[in-house]
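What follows is a single structure, written as structure tokens, with notes after it.
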Amino acid sequence: MRTPGLTKLSAGFSTDSLIMVVESDEGFPDRGVARVGNELIEYVKQSKNVFRAQHETTGAHAGFGGRLARERFAIDGTAGVEPGLNQAKGVVNEDHAAGTPVALYGYSMPLASNVPMGEGFLANDLGRFAVGYVAAVEIDSQSHPGEPVSINAIPVPLGLGFEGYNSRLTALQLLPADPAPMTTATLMAAFEKTGGYALVMQLGPATVNNQQEALTLNNSPLWGTEVVHYSGVANDKLLIDRRGALPAENSDTRPHAFIVDWQVTINGSDPDLELDRKVFVVPISINAGASPTTFLPPTNQAECAQITELATGELTEWVRYDRIEQGHLVRNDPLALAHVRQRIIGDPRGNGQPPVPPPDPGPPDGPVGGPPAPAGAAASAGPLQPLTSPFVAALAAASQQASSPSTWLPYLGTDEDLSAPVTRAARTALQFRGVFGTYSHAHQRNTPVHPVWRVQAGSTEGGEPGHGDAAFVVDALPSDPGWPLVIHRAYRPWQHMETTWIPGSDPMIPSAGAVLNPPAGEGNLVNFVYVAANAAVRAPVAAGTSQTNISPAETRLQARLTLFPSGERPRDVTQVELGRALNGAGVPSAVIDEFAFGSQHFGEGTVHADALQGAQMSLTTDFGVGAQTFSTFPKVVRVARGLQGDPRNFLDDLPKDAGLVRIGNEILCYDFIDSSTGVITIASGGRGLLGTDEGPHEIGEVINWLETRVVTTLAAGMTANSAAIVLEDASDFPSQGTLLIGGELMHYTRVSGTQLEMPSGSSTPGAMDDKGGGLFRGRFGTTPSSHGAGEPVILFPFRYWDRWADRADAPELAYFGLSQHQPNAFWRGVFFQADEPPGTKVEVLQRTNPRMPWDAKPALNPDADLARLQQGLKDGASLSIGVQRDQVEWRAYVRFDQGAFDFNGGLSHGWKRTPRLTLFGVEYLGPGLTLRRVDD
């Protein structure tokens, strides 16, 4: 028995080990993901049967490889330090014994969004995300000290800058908010050379004349936030061409007034010398040549896109956007803009406290053992804490975890704004660039940008997509073959880190402030996995289904993302070609030995109709070598979508007397089921059947009921000569067939109640009294043996009967009989030739004396009354008989060598082929006979 993509460990694979040695790598791609127990392992084939599970941090496959792969990471246990801690660590078993099954991993995950057809490209060179502040302005395209900004409450201008209404502002001259090591060139590279959108914001005094919103003499709102459009970049200047270009905080589209050069003091201090009083400018768009047909148009939530770096995968960056404007992906969600304002400058009335993050719903169906967020942990942010030694210690601990080469990590690249606290605070709060486990990096013009789409969140059972998966997106049609793609990156949100900044000893030089602890939750985003391919998808695929009231387990009727082996039922087909391709070409150089369509009904008869057909059970405990019981869920089965529960007890579908199941590569026979607890007892000698080996198994492995195999157990023991097989239940056995008991194959030719029978030999030659041993024991070269009560009895498939037995004569025997009658002939010799498949031998039993019983002991010399001819020629000549008889009879039969049936490896196939007697001849002299004599 051989299943490509399913093997077992040939050596132990301990925690944090890099090298996984398996018995066979057949069916495993050179780079893929394997499942051992409940652990997913991203591997690369190092050599034959050797997989290396090493995490790659750079290059085309950055982010791929390692142990406990595709799990979610929590940062609430590391003071917000990314990437955090793998939730499965210490929960999912990483220490696997030799012999543990290793399976190629696959899934079928319903789409939660449409999959767009197409891609975009960066219209300009784009630097990493950066935040600047306004150092000076241009009015009417000329350098200018600034427009006066005044309010009724104060008789003198508050300062110079740019008004809201009736402003003649044309450019903002910027400086980096993080002065070192960031340069002005680095800052300006974060803005589009050919124009885009930016957020402008400033902090004002707490109140002005008790007004909740300060207004200038032009009735412009003062300070706060505004989205502007700029037409391009000129050195250190942002060329402004449209004010209030898009809704900002509170969906406000009014142009605001901002002060660049303060003319008043605040609380006795000069605001011009304080960084937090500056006018901050934040880029909120990238030009990707996007359109609502090539990228997901945002509706009720932000969408994502991927700046795809194929050769340097560590620089791949995900961006989040709320609208598509003339090719630009724009982040202008009012709540997000309010959030970044509160992180950078506090609200317009001077309140610097951050907003309360939304509650984190926790993982509804996350990985096995994944700890949910503490109750209420994200309900209140609490006071912000400065960067302290515990944070540094957590950073060191996370770095140590990340340094292990076998540790899979969900994050790509490195954080480039660690030394830029204002930029870092803005990036983590705005969640525009470098989101979902990526960081912001510089990219060249024409770098591809691919849409990010969603699938319904799964788990190890329900599906965890990842880098390098050669998958398909499939329409909601059982007949659709799907569109192929290769996943570049997949990510399941849960938490993200947010930081603030604080003024240093010099109020113009920022320092790292706080890390939000607990971290910000991702709300309902945790219910999805976000996926991006490495190239444009060839055709759009719409999420959902065209049918109503379908079972959630019926993935074939839902648009989905699938990876072989997905576990789905086969797609509907209307034509099958044997021996050639569907187009009539491509004849393979092979012989079709057998072609059969099976049917698995296990799982039917529920509210899901036939959607659970072919379902699998799942181990709920580890199950070691020598164990005689294992357990499963009575009312839960595993299908392509994952674990599926039902009020029905699935164990009631299994035969009660005995049955065969397959766990990994091992086939077992059970003889008792406790359907209330899910505990299943194994029959005596019921492990490692049908040429498989007994081995260890881990929680989460699937259990397949081999429902097409008829099996029961012996109700009574039998000797090596027994002709009757007494069964616990013979109701499913046909009227005649072949059985496998232990390592012995035997034929039976009739059924009597619960007893299967075969003809017996004679006690003495010629007696025909049925008092001898069973004639059809030890078939196909196996050895007749004793078997005890309780041993499994398996109905075994075969091509043709092995119905020859030595020293036997019975109607059920099968042989080719022939004879030659010639009175008083002298029989000189006999010869024959045969086509003999490996492991078989054509022999002839020759009788020259009709009074000699066929079941007597034959001699090896051809001149005997009963002779066994083991070969058809001797030294190229016929076999000498040398007797004078009226008649000679022959019985040609097939003898199977020991080992003709390869019980362990299944590599001997001669027993499945029919030997042929191609030539048979006899030499004799017939004397002249006087038929009539007339005497003279």
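Ordered as shown in the structure tokens, chains take letters A, B, and onward, while each chain numbers its residues from 1 and ligands are numbered from 1 in the order shown.
Proximity to Tyr893 (chain A) at 7 Å, evaluated using only C-alpha atoms and with sequence-adjacent residues fewer than 5 positions away removed, yields A:Trp804, A:Tyr815, A:Phe816, A:Val842, A:Glu843, A:Val844.
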Same residues, N, CA, C and O atoms, output as a PDB file, in the first residue's frame:
```
ATOM      1  N   TRP A 804      -5.334 -24.947  -6.676  1.00  0.00           N
ATOM      2  CA  TRP A 804      -4.607 -26.208  -6.780  1.00  0.00           C
ATOM      3  C   TRP A 804      -4.083 -26.568  -5.403  1.00  0.00           C
ATOM      4  O   TRP A 804      -3.601 -25.707  -4.648  1.00  0.00           O
ATOM      5  N   TYR A 815      -7.524 -26.837 -12.671  1.00  0.00           N
ATOM      6  CA  TYR A 815      -6.347 -27.253 -13.416  1.00  0.00           C
ATOM      7  C   TYR A 815      -6.756 -27.409 -14.872  1.00  0.00           C
ATOM      8  O   TYR A 815      -7.948 -27.404 -15.208  1.00  0.00           O
ATOM      9  N   PHE A 816      -5.750 -27.544 -15.718  1.00  0.00           N
ATOM     10  CA  PHE A 816      -6.008 -27.813 -17.133  1.00  0.00           C
ATOM     11  C   PHE A 816      -5.748 -29.293 -17.378  1.00  0.00           C
ATOM     12  O   PHE A 816      -4.607 -29.761 -17.285  1.00  0.00           O
ATOM     13  N   VAL A 842       4.477 -23.159 -13.565  1.00  0.00           N
ATOM     14  CA  VAL A 842       3.532 -24.119 -14.149  1.00  0.00           C
ATOM     15  C   VAL A 842       4.145 -25.506 -14.034  1.00  0.00           C
ATOM     16  O   VAL A 842       5.266 -25.756 -14.505  1.00  0.00           O
ATOM     17  N   GLU A 843       3.426 -26.421 -13.399  1.00  0.00           N
ATOM     18  CA  GLU A 843       3.850 -27.811 -13.252  1.00  0.00           C
ATOM     19  C   GLU A 843       2.757 -28.735 -13.798  1.00  0.00           C
ATOM     20  O   GLU A 843       1.619 -28.293 -14.030  1.00  0.00           O
ATOM     21  N   VAL A 844       3.121 -30.019 -13.969  1.00  0.00           N
ATOM     22  CA  VAL A 844       2.178 -31.001 -14.526  1.00  0.00           C
ATOM     23  C   VAL A 844       2.208 -32.249 -13.653  1.00  0.00           C
ATOM     24  O   VAL A 844       3.284 -32.747 -13.275  1.00  0.00           O
TER      25      VAL A 844
END
```
Exercise: region 105-114 of chain A partners within 8 Å, only C-alpha atoms, chain neighbours under 6 positions left out, as a ChimeraX atom specification: /A:33-35,40,296,453-458,462-465,528,540-544,555,558-568,640-641
Test item: residues at most 8 Å from Asp272 (chain A), only C-alpha atoms, excluding those fewer than 5 positions along its chain, as a ChimeraX atom specification: /A:260-262,277-278
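Reported to one decimal place, the separation of CA of Leu18 (chain A) from CA of Arg52 (chain A) is 5.6 Å.
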For Cys669 (chain A), the nearest of the candidates A:Leu714, A:Leu745, A:Leu9, A:Val793, counting only C-alpha atoms: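 Under the stated criterion, the closest residue is A:Val793.
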Contacts of Gly910 (chain A) at 8 Å (only C-alpha atoms; same-chain gap of 5+ positions) as a VMD selection string: chain A and resid 837 to 840 900 to 901
Coordinates-based distance that separates CA of Thr499 (chain A) from CA of Phe73 (chain A) (Å, one decimal): 18.5 Å
